[in-house]
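Contents: one structure, followed by commentary.
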Number of protein chains: 2
Amino acid sequence: MTDIVVMRAVTSDNQAHADRVRKMLDDNRVVGLNMISGPGSGKTTLLERTIRDNPDLRFGIIEGDVFTARDAARIEAVGAPSIQLNTEGACHLTAHMIETVLPRLDLSALDFVIVENIGNLICPSAFPLGMHKRVVLLSTPEGHDKVLKYPQAFHTSDVVLITKTDVASAVGFDLSVVVSDLKSVNPKVEPWKISAVTGEGLDRWYKWLRSLK
Amino acid sequence: MTDIVVMRAVTSDNQAHADRVRKMLDDNRVVGLNMISGPGSGKTTLLERTIRDNPDLRFGIIEGDVFTARDAARIEAVGAPSIQLNTEGACHLTAHMIETVLPRLDLSALDFVIVENIGNLICPSAFPLGMHKRVVLLSTPEGHDKVLKYPQAFHTSDVVLITKTDVASAVGFDLSVVVSDLKSVNPKVEPWKISAVTGEGLDRWYKWLRSLK
């Protein structure tokens with residue numbers, strides 16, 4: 001049975017809440033990730049595959065959605081503990097929400113806590129959640145022009161995953177535009193191509209996760 | 001040369017601004033549409049094709065983006081007047097923004113004003129812009145689970161366009177889920193399948209536009 005928590009967005013003192021989240025993670029030697037993307041970029045699918053392909057890594061997932069508990073149910077079906085946060089309208093998660101629900105996960109039994117933020121390329125970027133790293137996903141059907149149109153998400157991320165590369169040619173996606181635009185927005189990262197369908201690029205993603213442990 | 005207007009979001013008295021926008025449109029017998037979707041669902045591509053395929057209809061376009069003037073440039077390239085609104089961070093347009101820029105279009109020479117809202121399935125739904133009709137786009141790669149996850153956008157729309165049907169089977173999109181979910185969220189509409197690549201369903205969309213004139 002999926003644990004659903006409905007919360008309003010408390011945005012005051014966000015950094016203070018984020019600092020307390022970080023301390024909880026660090027006290028338990030847990031690595032925290034904040035995953036950001038637009039709707040339907042493949043965040044949940046990547047998490048399902050990551051959990052299945054790495055049975056020796058212990059993941060706990062916090063699923064942020066405006067409504068429904070579908071994503072947390074998908075995560076539980078692949079065997080990881082998950083919490084479903086519903087904002088019922090708010091367009092991003094806040095550190096206060098994470099601080100509130102994090103104790104529901106048994107941190108002493110986890111290697112990673114991954115927060116799947118609300119499907120929105122804009123607002124989540126402005127609210128740090130206390131995680132150690134930020135990962136942004138851009139799916140090839142969304143188009144190669146999105147880095148400059150939504151620079152905040154890309155500017156603040158440690159990893160940029162280009163998802164759904166299996167349909168890249170069908171949707172006319174040109175990776176060179178993303179590479180070029182990232183040079184101005186966030187020169188420290190390069191985009192990694194992945195496909196949860198074909199498995200392209202997953203090794204690199206898994207290797208990066210293991211490097212954080 | 002694209003006309004770029006940078007504006008902050010004034011959300012107070014949104015309905016009063018929307019009412020004044022509506023009056024400007026009605027005084028000029030112009031039909032206004034508010035297009036809403038997540039990032040990269042194909043709003044601009046549909047507008048390009050709609051303008052090209054209907055040379056007898058006179059469109060003016062207001063392009064909302066967080067940053068860049070790329071979309072307005074694309075609209076001008078197909079011969080329609082356009083205004084680029086940049087919010088520089090805000091996740092939706094407001095009626096105040098539309099009221100401010102609408103006089104830059106020659107309404108007496110137009111049949112339609114179409115506002116392409118910020119790429120965001122959440123926040124734009126809460127801010128009426130004074131348009132007559134609201135159109136929501138969902139692209140097949142975003143997934144068939146989005147109606148219940150983002151019900152506000154679908155609940156308030158007059159037309160639901162399922163875009164990029166040319167890649168529907170490649171991404172495992174099941175239209176029956178959308179049909180079923182819409183029955184609970186917005187029973188008055190059914191989704192229309194369209195593809196700006198193959199041309200599927202465009203006739204119905206154009207016929208609907210002409211019915212509003």
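Going by the structure tokens order, chains are called A, B, ..., each with residues numbered from 1, while ligands are numbered from 1 in the order shown.
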*Pull out every residue of chain A sitting within 7 Å of chain B, counting only C-alpha atoms, and send them as a ChimeraX atom specification.*
/A:38-41,65-68,91,120,122-123,141-143,148-150
Output file for the selection above: N, CA and C atoms, as a short mmCIF file (atom, residue, chain, number, x, y, z; two decimals), in the first residue's frame:
data_model
loop_
_atom_site.label_atom_id
_atom_site.label_comp_id
_atom_site.auth_asym_id
_atom_site.auth_seq_id
_atom_site.Cartn_x
_atom_site.Cartn_y
_atom_site.Cartn_z
N GLY A 38 10.79 18.08 -17.20
CA GLY A 38 9.41 18.34 -17.58
C GLY A 38 8.57 17.07 -17.43
N PRO A 39 7.25 17.18 -17.67
CA PRO A 39 6.39 15.99 -17.56
C PRO A 39 6.77 14.94 -18.61
N GLY A 40 6.82 13.69 -18.17
CA GLY A 40 6.98 12.61 -19.13
C GLY A 40 8.33 12.51 -19.78
N SER A 41 9.38 12.93 -19.09
CA SER A 41 10.73 12.82 -19.66
C SER A 41 11.37 11.48 -19.35
N ASP A 65 4.44 14.47 -6.99
CA ASP A 65 3.47 14.65 -8.06
C ASP A 65 2.41 15.63 -7.58
N VAL A 66 1.78 16.32 -8.52
CA VAL A 66 0.67 17.19 -8.17
C VAL A 66 -0.48 16.34 -7.61
N PHE A 67 -0.80 15.28 -8.35
CA PHE A 67 -1.83 14.34 -7.92
C PHE A 67 -1.39 12.91 -8.27
N THR A 68 -2.08 11.95 -7.75
CA THR A 68 -1.94 10.49 -7.97
C THR A 68 -0.74 9.89 -7.23
N CYS A 91 3.72 23.57 -7.84
CA CYS A 91 4.46 23.17 -9.03
C CYS A 91 5.89 22.72 -8.73
N ASN A 120 8.25 19.48 -14.14
CA ASN A 120 8.23 20.93 -14.37
C ASN A 120 9.67 21.37 -14.54
N ILE A 122 10.76 24.38 -14.68
CA ILE A 122 11.00 25.76 -14.25
C ILE A 122 11.17 25.85 -12.74
N CYS A 123 10.07 25.75 -12.00
CA CYS A 123 10.07 26.09 -10.57
C CYS A 123 10.95 25.22 -9.68
N PRO A 141 12.16 13.76 -27.48
CA PRO A 141 10.96 14.35 -28.10
C PRO A 141 10.67 15.78 -27.64
N GLU A 142 11.20 16.18 -26.49
CA GLU A 142 10.98 17.57 -26.04
C GLU A 142 11.70 18.58 -26.93
N GLY A 143 12.75 18.13 -27.61
CA GLY A 143 13.43 19.01 -28.56
C GLY A 143 14.76 19.52 -28.05
N LEU A 148 18.47 26.50 -23.62
CA LEU A 148 18.42 27.97 -23.54
C LEU A 148 17.04 28.47 -23.15
N LYS A 149 15.98 27.68 -23.41
CA LYS A 149 14.63 28.12 -23.05
C LYS A 149 14.36 27.94 -21.55
N TYR A 150 15.02 26.95 -20.94
CA TYR A 150 14.83 26.65 -19.51
C TYR A 150 16.19 26.57 -18.83
#
Do you have, as JSON lines, the list of residues of range 105-200 of chain B lying at most 9 Å from range 16-28 of chain B, each with its nearest atom pair and that distance in Å to one decimal, counting only C-alpha atoms and ordered by chain then number?
{"residue": "B:Leu107", "atom": "CA", "partner": "B:Asn28", "partner_atom": "CA", "distance": 6.1}
{"residue": "B:Ser108", "atom": "CA", "partner": "B:Asn28", "partner_atom": "CA", "distance": 5.7}
{"residue": "B:Ala109", "atom": "CA", "partner": "B:Asn28", "partner_atom": "CA", "distance": 8.7}
{"residue": "B:Leu110", "atom": "CA", "partner": "B:Asn28", "partner_atom": "CA", "distance": 8.3}
{"residue": "B:Asp111", "atom": "CA", "partner": "B:Asn28", "partner_atom": "CA", "distance": 8.8}
{"residue": "B:Phe112", "atom": "CA", "partner": "B:Leu25", "partner_atom": "CA", "distance": 8.9}
{"residue": "B:Val113", "atom": "CA", "partner": "B:Leu25", "partner_atom": "CA", "distance": 8.3}
{"residue": "B:Phe127", "atom": "CA", "partner": "B:Ala18", "partner_atom": "CA", "distance": 8.9}
{"residue": "B:Pro128", "atom": "CA", "partner": "B:Ala18", "partner_atom": "CA", "distance": 6.5}
{"residue": "B:Leu129", "atom": "CA", "partner": "B:Ala18", "partner_atom": "CA", "distance": 5.0}
{"residue": "B:Gly130", "atom": "CA", "partner": "B:Ala18", "partner_atom": "CA", "distance": 4.0}
{"residue": "B:Met131", "atom": "CA", "partner": "B:Arg22", "partner_atom": "CA", "distance": 6.3}
{"residue": "B:His132", "atom": "CA", "partner": "B:Arg22", "partner_atom": "CA", "distance": 7.6}
Next, write the just-selected residues to a file, as an mmCIF file, in the first residue's frame, keeping C-alpha atoms as the atom set.
data_model
loop_
_atom_site.group_PDB
_atom_site.id
_atom_site.type_symbol
_atom_site.label_atom_id
_atom_site.label_comp_id
_atom_site.auth_asym_id
_atom_site.auth_seq_id
_atom_site.Cartn_x
_atom_site.Cartn_y
_atom_site.Cartn_z
ATOM 1 C CA LEU B 107 -6.236 43.566 -33.947
ATOM 2 C CA SER B 108 -8.308 45.120 -36.710
ATOM 3 C CA ALA B 109 -6.321 43.013 -39.192
ATOM 4 C CA LEU B 110 -6.622 39.682 -37.363
ATOM 5 C CA ASP B 111 -9.081 36.791 -37.042
ATOM 6 C CA PHE B 112 -7.264 35.008 -34.211
ATOM 7 C CA VAL B 113 -4.874 35.821 -31.397
ATOM 8 C CA PHE B 127 -4.362 32.189 -14.672
ATOM 9 C CA PRO B 128 -7.092 32.993 -17.214
ATOM 10 C CA LEU B 129 -5.788 35.325 -19.909
ATOM 11 C CA GLY B 130 -9.079 36.620 -21.293
ATOM 12 C CA MET B 131 -9.028 34.243 -24.246
ATOM 13 C CA HIS B 132 -12.252 32.657 -25.522
#
From range 9-206 of chain A, collect each residue whose DSSP state is alpha helix (DSSP H) and return the set as a PDB file with N, CA and C atoms, in the first residue's frame.
ATOM      1  N   ASN A  14      13.493  28.026   3.199  1.00  0.00           N
ATOM      2  CA  ASN A  14      13.750  26.773   2.471  1.00  0.00           C
ATOM      3  C   ASN A  14      15.159  26.251   2.725  1.00  0.00           C
ATOM      4  N   GLN A  15      16.131  27.183   2.761  1.00  0.00           N
ATOM      5  CA  GLN A  15      17.518  26.728   2.921  1.00  0.00           C
ATOM      6  C   GLN A  15      17.743  26.098   4.299  1.00  0.00           C
ATOM      7  N   ALA A  16      17.085  26.627   5.333  1.00  0.00           N
ATOM      8  CA  ALA A  16      17.234  26.044   6.676  1.00  0.00           C
ATOM      9  C   ALA A  16      16.679  24.618   6.706  1.00  0.00           C
ATOM     10  N   HIS A  17      15.545  24.409   6.057  1.00  0.00           N
ATOM     11  CA  HIS A  17      14.991  23.051   5.965  1.00  0.00           C
ATOM     12  C   HIS A  17      15.941  22.153   5.166  1.00  0.00           C
ATOM     13  N   ALA A  18      16.479  22.708   4.072  1.00  0.00           N
ATOM     14  CA  ALA A  18      17.400  21.920   3.239  1.00  0.00           C
ATOM     15  C   ALA A  18      18.644  21.523   4.032  1.00  0.00           C
ATOM     16  N   ASP A  19      19.127  22.427   4.868  1.00  0.00           N
ATOM     17  CA  ASP A  19      20.318  22.113   5.680  1.00  0.00           C
ATOM     18  C   ASP A  19      20.029  20.965   6.642  1.00  0.00           C
ATOM     19  N   ARG A  20      18.825  20.949   7.197  1.00  0.00           N
ATOM     20  CA  ARG A  20      18.485  19.859   8.131  1.00  0.00           C
ATOM     21  C   ARG A  20      18.302  18.531   7.386  1.00  0.00           C
ATOM     22  N   VAL A  21      17.760  18.603   6.173  1.00  0.00           N
ATOM     23  CA  VAL A  21      17.666  17.389   5.350  1.00  0.00           C
ATOM     24  C   VAL A  21      19.063  16.838   5.083  1.00  0.00           C
ATOM     25  N   ARG A  22      19.967  17.727   4.693  1.00  0.00           N
ATOM     26  CA  ARG A  22      21.330  17.299   4.381  1.00  0.00           C
ATOM     27  C   ARG A  22      21.985  16.627   5.583  1.00  0.00           C
ATOM     28  N   LYS A  23      21.733  17.192   6.774  1.00  0.00           N
ATOM     29  CA  LYS A  23      22.342  16.619   7.971  1.00  0.00           C
ATOM     30  C   LYS A  23      21.798  15.208   8.236  1.00  0.00           C
ATOM     31  N   MET A  24      20.483  15.036   8.030  1.00  0.00           N
ATOM     32  CA  MET A  24      19.901  13.688   8.219  1.00  0.00           C
ATOM     33  C   MET A  24      20.552  12.689   7.271  1.00  0.00           C
ATOM     34  N   LEU A  25      20.734  13.110   6.017  1.00  0.00           N
ATOM     35  CA  LEU A  25      21.360  12.210   5.039  1.00  0.00           C
ATOM     36  C   LEU A  25      22.800  11.906   5.447  1.00  0.00           C
ATOM     37  N   ASP A  26      23.553  12.961   5.778  1.00  0.00           N
ATOM     38  CA  ASP A  26      24.974  12.776   6.101  1.00  0.00           C
ATOM     39  C   ASP A  26      25.151  11.934   7.361  1.00  0.00           C
ATOM     40  N   ASP A  27      24.282  12.158   8.351  1.00  0.00           N
ATOM     41  CA  ASP A  27      24.379  11.378   9.591  1.00  0.00           C
ATOM     42  C   ASP A  27      24.209   9.882   9.316  1.00  0.00           C
ATOM     43  N   LYS A  43      11.596  10.052 -15.917  1.00  0.00           N
ATOM     44  CA  LYS A  43      12.233   9.955 -14.598  1.00  0.00           C
ATOM     45  C   LYS A  43      11.879   8.632 -13.916  1.00  0.00           C
ATOM     46  N   THR A  44      10.597   8.311 -13.860  1.00  0.00           N
ATOM     47  CA  THR A  44      10.169   7.090 -13.148  1.00  0.00           C
ATOM     48  C   THR A  44      10.691   5.838 -13.850  1.00  0.00           C
ATOM     49  N   THR A  45      10.641   5.852 -15.169  1.00  0.00           N
ATOM     50  CA  THR A  45      11.138   4.689 -15.918  1.00  0.00           C
ATOM     51  C   THR A  45      12.626   4.473 -15.662  1.00  0.00           C
ATOM     52  N   LEU A  46      13.397   5.559 -15.617  1.00  0.00           N
ATOM     53  CA  LEU A  46      14.828   5.426 -15.335  1.00  0.00           C
ATOM     54  C   LEU A  46      15.048   4.886 -13.920  1.00  0.00           C
ATOM     55  N   LEU A  47      14.252   5.368 -12.969  1.00  0.00           N
ATOM     56  CA  LEU A  47      14.391   4.871 -11.600  1.00  0.00           C
ATOM     57  C   LEU A  47      14.038   3.383 -11.513  1.00  0.00           C
ATOM     58  N   GLU A  48      12.948   2.981 -12.163  1.00  0.00           N
ATOM     59  CA  GLU A  48      12.577   1.549 -12.160  1.00  0.00           C
ATOM     60  C   GLU A  48      13.743   0.701 -12.655  1.00  0.00           C
ATOM     61  N   ARG A  49      14.299   1.113 -13.788  1.00  0.00           N
ATOM     62  CA  ARG A  49      15.381   0.321 -14.397  1.00  0.00           C
ATOM     63  C   ARG A  49      16.636   0.357 -13.525  1.00  0.00           C
ATOM     64  N   THR A  50      16.927   1.520 -12.942  1.00  0.00           N
ATOM     65  CA  THR A  50      18.121   1.656 -12.095  1.00  0.00           C
ATOM     66  C   THR A  50      18.020   0.745 -10.870  1.00  0.00           C
ATOM     67  N   ILE A  51      16.837   0.700 -10.279  1.00  0.00           N
ATOM     68  CA  ILE A  51      16.630  -0.159  -9.100  1.00  0.00           C
ATOM     69  C   ILE A  51      16.762  -1.637  -9.486  1.00  0.00           C
ATOM     70  N   ARG A  52      16.136  -2.012 -10.592  1.00  0.00           N
ATOM     71  CA  ARG A  52      16.183  -3.418 -11.030  1.00  0.00           C
ATOM     72  C   ARG A  52      17.593  -3.854 -11.399  1.00  0.00           C
ATOM     73  N   ASP A  53      18.344  -2.970 -12.058  1.00  0.00           N
ATOM     74  CA  ASP A  53      19.673  -3.344 -12.567  1.00  0.00           C
ATOM     75  C   ASP A  53      20.756  -3.312 -11.499  1.00  0.00           C
ATOM     76  N   ARG A  70       0.574   7.044  -8.632  1.00  0.00           N
ATOM     77  CA  ARG A  70       0.979   6.056  -9.635  1.00  0.00           C
ATOM     78  C   ARG A  70       2.477   5.789  -9.617  1.00  0.00           C
ATOM     79  N   ASP A  71       3.260   6.861  -9.467  1.00  0.00           N
ATOM     80  CA  ASP A  71       4.710   6.671  -9.578  1.00  0.00           C
ATOM     81  C   ASP A  71       5.261   5.903  -8.390  1.00  0.00           C
ATOM     82  N   ALA A  72       4.782   6.200  -7.187  1.00  0.00           N
ATOM     83  CA  ALA A  72       5.262   5.463  -6.011  1.00  0.00           C
ATOM     84  C   ALA A  72       4.883   3.990  -6.123  1.00  0.00           C
ATOM     85  N   ALA A  73       3.703   3.713  -6.675  1.00  0.00           N
ATOM     86  CA  ALA A  73       3.290   2.321  -6.859  1.00  0.00           C
ATOM     87  C   ALA A  73       4.230   1.607  -7.828  1.00  0.00           C
ATOM     88  N   ARG A  74       4.658   2.333  -8.875  1.00  0.00           N
ATOM     89  CA  ARG A  74       5.600   1.727  -9.836  1.00  0.00           C
ATOM     90  C   ARG A  74       6.935   1.403  -9.167  1.00  0.00           C
ATOM     91  N   ILE A  75       7.386   2.314  -8.291  1.00  0.00           N
ATOM     92  CA  ILE A  75       8.663   2.099  -7.603  1.00  0.00           C
ATOM     93  C   ILE A  75       8.558   0.920  -6.636  1.00  0.00           C
ATOM     94  N   GLU A  76       7.450   0.854  -5.926  1.00  0.00           N
ATOM     95  CA  GLU A  76       7.292  -0.263  -4.995  1.00  0.00           C
ATOM     96  C   GLU A  76       7.221  -1.598  -5.720  1.00  0.00           C
ATOM     97  N   ALA A  77       6.664  -1.568  -6.931  1.00  0.00           N
ATOM     98  CA  ALA A  77       6.558  -2.809  -7.705  1.00  0.00           C
ATOM     99  C   ALA A  77       7.928  -3.373  -8.071  1.00  0.00           C
ATOM    100  N   ALA A  95      11.999  22.013   0.534  1.00  0.00           N
ATOM    101  CA  ALA A  95      12.812  21.288   1.506  1.00  0.00           C
ATOM    102  C   ALA A  95      11.998  20.952   2.755  1.00  0.00           C
ATOM    103  N   HIS A  96      11.032  21.804   3.087  1.00  0.00           N
ATOM    104  CA  HIS A  96      10.159  21.520   4.230  1.00  0.00           C
ATOM    105  C   HIS A  96       9.400  20.205   4.024  1.00  0.00           C
ATOM    106  N   MET A  97       8.929  19.978   2.810  1.00  0.00           N
ATOM    107  CA  MET A  97       8.227  18.714   2.513  1.00  0.00           C
ATOM    108  C   MET A  97       9.170  17.524   2.707  1.00  0.00           C
ATOM    109  N   ILE A  98      10.387  17.662   2.188  1.00  0.00           N
ATOM    110  CA  ILE A  98      11.346  16.546   2.280  1.00  0.00           C
ATOM    111  C   ILE A  98      11.709  16.297   3.743  1.00  0.00           C
ATOM    112  N   GLU A  99      11.940  17.381   4.485  1.00  0.00           N
ATOM    113  CA  GLU A  99      12.283  17.222   5.904  1.00  0.00           C
ATOM    114  C   GLU A  99      11.160  16.483   6.647  1.00  0.00           C
ATOM    115  N   THR A 100       9.928  16.771   6.258  1.00  0.00           N
ATOM    116  CA  THR A 100       8.777  16.163   6.939  1.00  0.00           C
ATOM    117  C   THR A 100       8.658  14.666   6.662  1.00  0.00           C
ATOM    118  N   VAL A 101       8.898  14.282   5.413  1.00  0.00           N
ATOM    119  CA  VAL A 101       8.641  12.869   5.072  1.00  0.00           C
ATOM    120  C   VAL A 101       9.882  11.980   5.168  1.00  0.00           C
ATOM    121  N   LYS A 146      15.767  23.176 -25.680  1.00  0.00           N
ATOM    122  CA  LYS A 146      15.270  23.441 -24.329  1.00  0.00           C
ATOM    123  C   LYS A 146      16.319  23.985 -23.357  1.00  0.00           C
ATOM    124  N   VAL A 147      17.592  23.807 -23.614  1.00  0.00           N
ATOM    125  CA  VAL A 147      18.615  24.276 -22.653  1.00  0.00           C
ATOM    126  C   VAL A 147      18.557  25.800 -22.513  1.00  0.00           C
ATOM    127  N   LEU A 148      18.469  26.499 -23.623  1.00  0.00           N
ATOM    128  CA  LEU A 148      18.417  27.970 -23.541  1.00  0.00           C
ATOM    129  C   LEU A 148      17.036  28.475 -23.147  1.00  0.00           C
ATOM    130  N   LYS A 149      15.985  27.685 -23.410  1.00  0.00           N
ATOM    131  CA  LYS A 149      14.635  28.124 -23.046  1.00  0.00           C
ATOM    132  C   LYS A 149      14.358  27.940 -21.554  1.00  0.00           C
ATOM    133  N   PRO A 151      16.966  27.660 -18.881  1.00  0.00           N
ATOM    134  CA  PRO A 151      18.376  27.551 -18.453  1.00  0.00           C
ATOM    135  C   PRO A 151      18.552  27.274 -16.972  1.00  0.00           C
ATOM    136  N   GLN A 152      17.578  27.666 -16.125  1.00  0.00           N
ATOM    137  CA  GLN A 152      17.782  27.476 -14.676  1.00  0.00           C
ATOM    138  C   GLN A 152      17.987  26.000 -14.335  1.00  0.00           C
ATOM    139  N   ALA A 153      17.175  25.132 -14.944  1.00  0.00           N
ATOM    140  CA  ALA A 153      17.271  23.702 -14.643  1.00  0.00           C
ATOM    141  C   ALA A 153      18.642  23.158 -15.049  1.00  0.00           C
ATOM    142  N   PHE A 154      19.134  23.614 -16.173  1.00  0.00           N
ATOM    143  CA  PHE A 154      20.393  23.077 -16.689  1.00  0.00           C
ATOM    144  C   PHE A 154      21.601  23.737 -16.029  1.00  0.00           C
ATOM    145  N   HIS A 155      21.442  24.984 -15.660  1.00  0.00           N
ATOM    146  CA  HIS A 155      22.536  25.742 -15.046  1.00  0.00           C
ATOM    147  C   HIS A 155      22.960  25.138 -13.708  1.00  0.00           C
ATOM    148  N   LEU A 175      21.628  16.415 -31.031  1.00  0.00           N
ATOM    149  CA  LEU A 175      22.377  16.534 -29.777  1.00  0.00           C
ATOM    150  C   LEU A 175      23.391  17.676 -29.811  1.00  0.00           C
ATOM    151  N   SER A 176      23.912  17.988 -30.987  1.00  0.00           N
ATOM    152  CA  SER A 176      24.969  19.010 -31.054  1.00  0.00           C
ATOM    153  C   SER A 176      24.462  20.376 -30.572  1.00  0.00           C
ATOM    154  N   VAL A 177      23.160  20.622 -30.727  1.00  0.00           N
ATOM    155  CA  VAL A 177      22.592  21.886 -30.238  1.00  0.00           C
ATOM    156  C   VAL A 177      22.645  21.926 -28.708  1.00  0.00           C
ATOM    157  N   VAL A 178      22.307  20.808 -28.072  1.00  0.00           N
ATOM    158  CA  VAL A 178      22.354  20.728 -26.604  1.00  0.00           C
ATOM    159  C   VAL A 178      23.795  20.891 -26.120  1.00  0.00           C
ATOM    160  N   VAL A 179      24.714  20.216 -26.769  1.00  0.00           N
ATOM    161  CA  VAL A 179      26.135  20.311 -26.390  1.00  0.00           C
ATOM    162  C   VAL A 179      26.596  21.760 -26.471  1.00  0.00           C
ATOM    163  N   SER A 180      26.235  22.403 -27.554  1.00  0.00           N
ATOM    164  CA  SER A 180      26.648  23.790 -27.767  1.00  0.00           C
ATOM    165  C   SER A 180      26.001  24.731 -26.746  1.00  0.00           C
ATOM    166  N   ASP A 181      24.701  24.565 -26.517  1.00  0.00           N
ATOM    167  CA  ASP A 181      23.997  25.448 -25.574  1.00  0.00           C
ATOM    168  C   ASP A 181      24.486  25.234 -24.138  1.00  0.00           C
ATOM    169  N   LEU A 182      24.815  23.993 -23.788  1.00  0.00           N
ATOM    170  CA  LEU A 182      25.318  23.744 -22.431  1.00  0.00           C
ATOM    171  C   LEU A 182      26.654  24.437 -22.199  1.00  0.00           C
ATOM    172  N   LYS A 183      27.433  24.616 -23.240  1.00  0.00           N
ATOM    173  CA  LYS A 183      28.728  25.297 -23.085  1.00  0.00           C
ATOM    174  C   LYS A 183      28.550  26.700 -22.524  1.00  0.00           C
ATOM    175  N   SER A 184      27.432  27.345 -22.862  1.00  0.00           N
ATOM    176  CA  SER A 184      27.200  28.685 -22.317  1.00  0.00           C
ATOM    177  C   SER A 184      26.439  28.651 -20.993  1.00  0.00           C
ATOM    178  N   VAL A 185      25.563  27.676 -20.817  1.00  0.00           N
ATOM    179  CA  VAL A 185      24.711  27.644 -19.621  1.00  0.00           C
ATOM    180  C   VAL A 185      25.391  26.947 -18.442  1.00  0.00           C
ATOM    181  N   LEU A 202      23.320   3.457 -19.933  1.00  0.00           N
ATOM    182  CA  LEU A 202      22.983   3.212 -18.523  1.00  0.00           C
ATOM    183  C   LEU A 202      24.234   2.880 -17.697  1.00  0.00           C
ATOM    184  N   ASP A 203      25.204   2.202 -18.331  1.00  0.00           N
ATOM    185  CA  ASP A 203      26.437   1.847 -17.604  1.00  0.00           C
ATOM    186  C   ASP A 203      27.109   3.085 -17.023  1.00  0.00           C
ATOM    187  N   ARG A 204      27.160   4.137 -17.827  1.00  0.00           N
ATOM    188  CA  ARG A 204      27.807   5.368 -17.382  1.00  0.00           C
ATOM    189  C   ARG A 204      27.066   5.979 -16.189  1.00  0.00           C
ATOM    190  N   TRP A 205      25.742   5.967 -16.289  1.00  0.00           N
ATOM    191  CA  TRP A 205      24.893   6.481 -15.214  1.00  0.00           C
ATOM    192  C   TRP A 205      25.093   5.655 -13.936  1.00  0.00           C
ATOM    193  N   TYR A 206      25.114   4.355 -14.060  1.00  0.00           N
ATOM    194  CA  TYR A 206      25.296   3.498 -12.888  1.00  0.00           C
ATOM    195  C   TYR A 206      26.686   3.707 -12.285  1.00  0.00           C
TER     196      TYR A 206
END
*Would you please give, as a list in words, all residues of range 118-213 of chain B that DSSP assigns to strand (DSSP E or B) based on the backbone?*
Lys133, Arg134, Val135, Val136, Leu137, Leu138, Ser139, Val159, Val160, Leu161, Ile162, Thr163, Pro191, Trp192 and Lys193 of chain B
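Atom pair CA of Glu190 in chain A / CA of Ser169 in chain A: separated by 20.0 Å.
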*Show which residues sit within 7 Å of Val115 in chain B, as a list in words. Count only C-alpha atoms, and ignore same-chain residues fewer than 2 positions away.*
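What passes the distance filter is Leu33, Asn34, Met35, Ile61, Ile62, Glu63, Val113 and Asn117 of chain B.
A straight line drawn from CA of Leu102 in chain A to CA of Val135 in chain A is 19.3 Å long.
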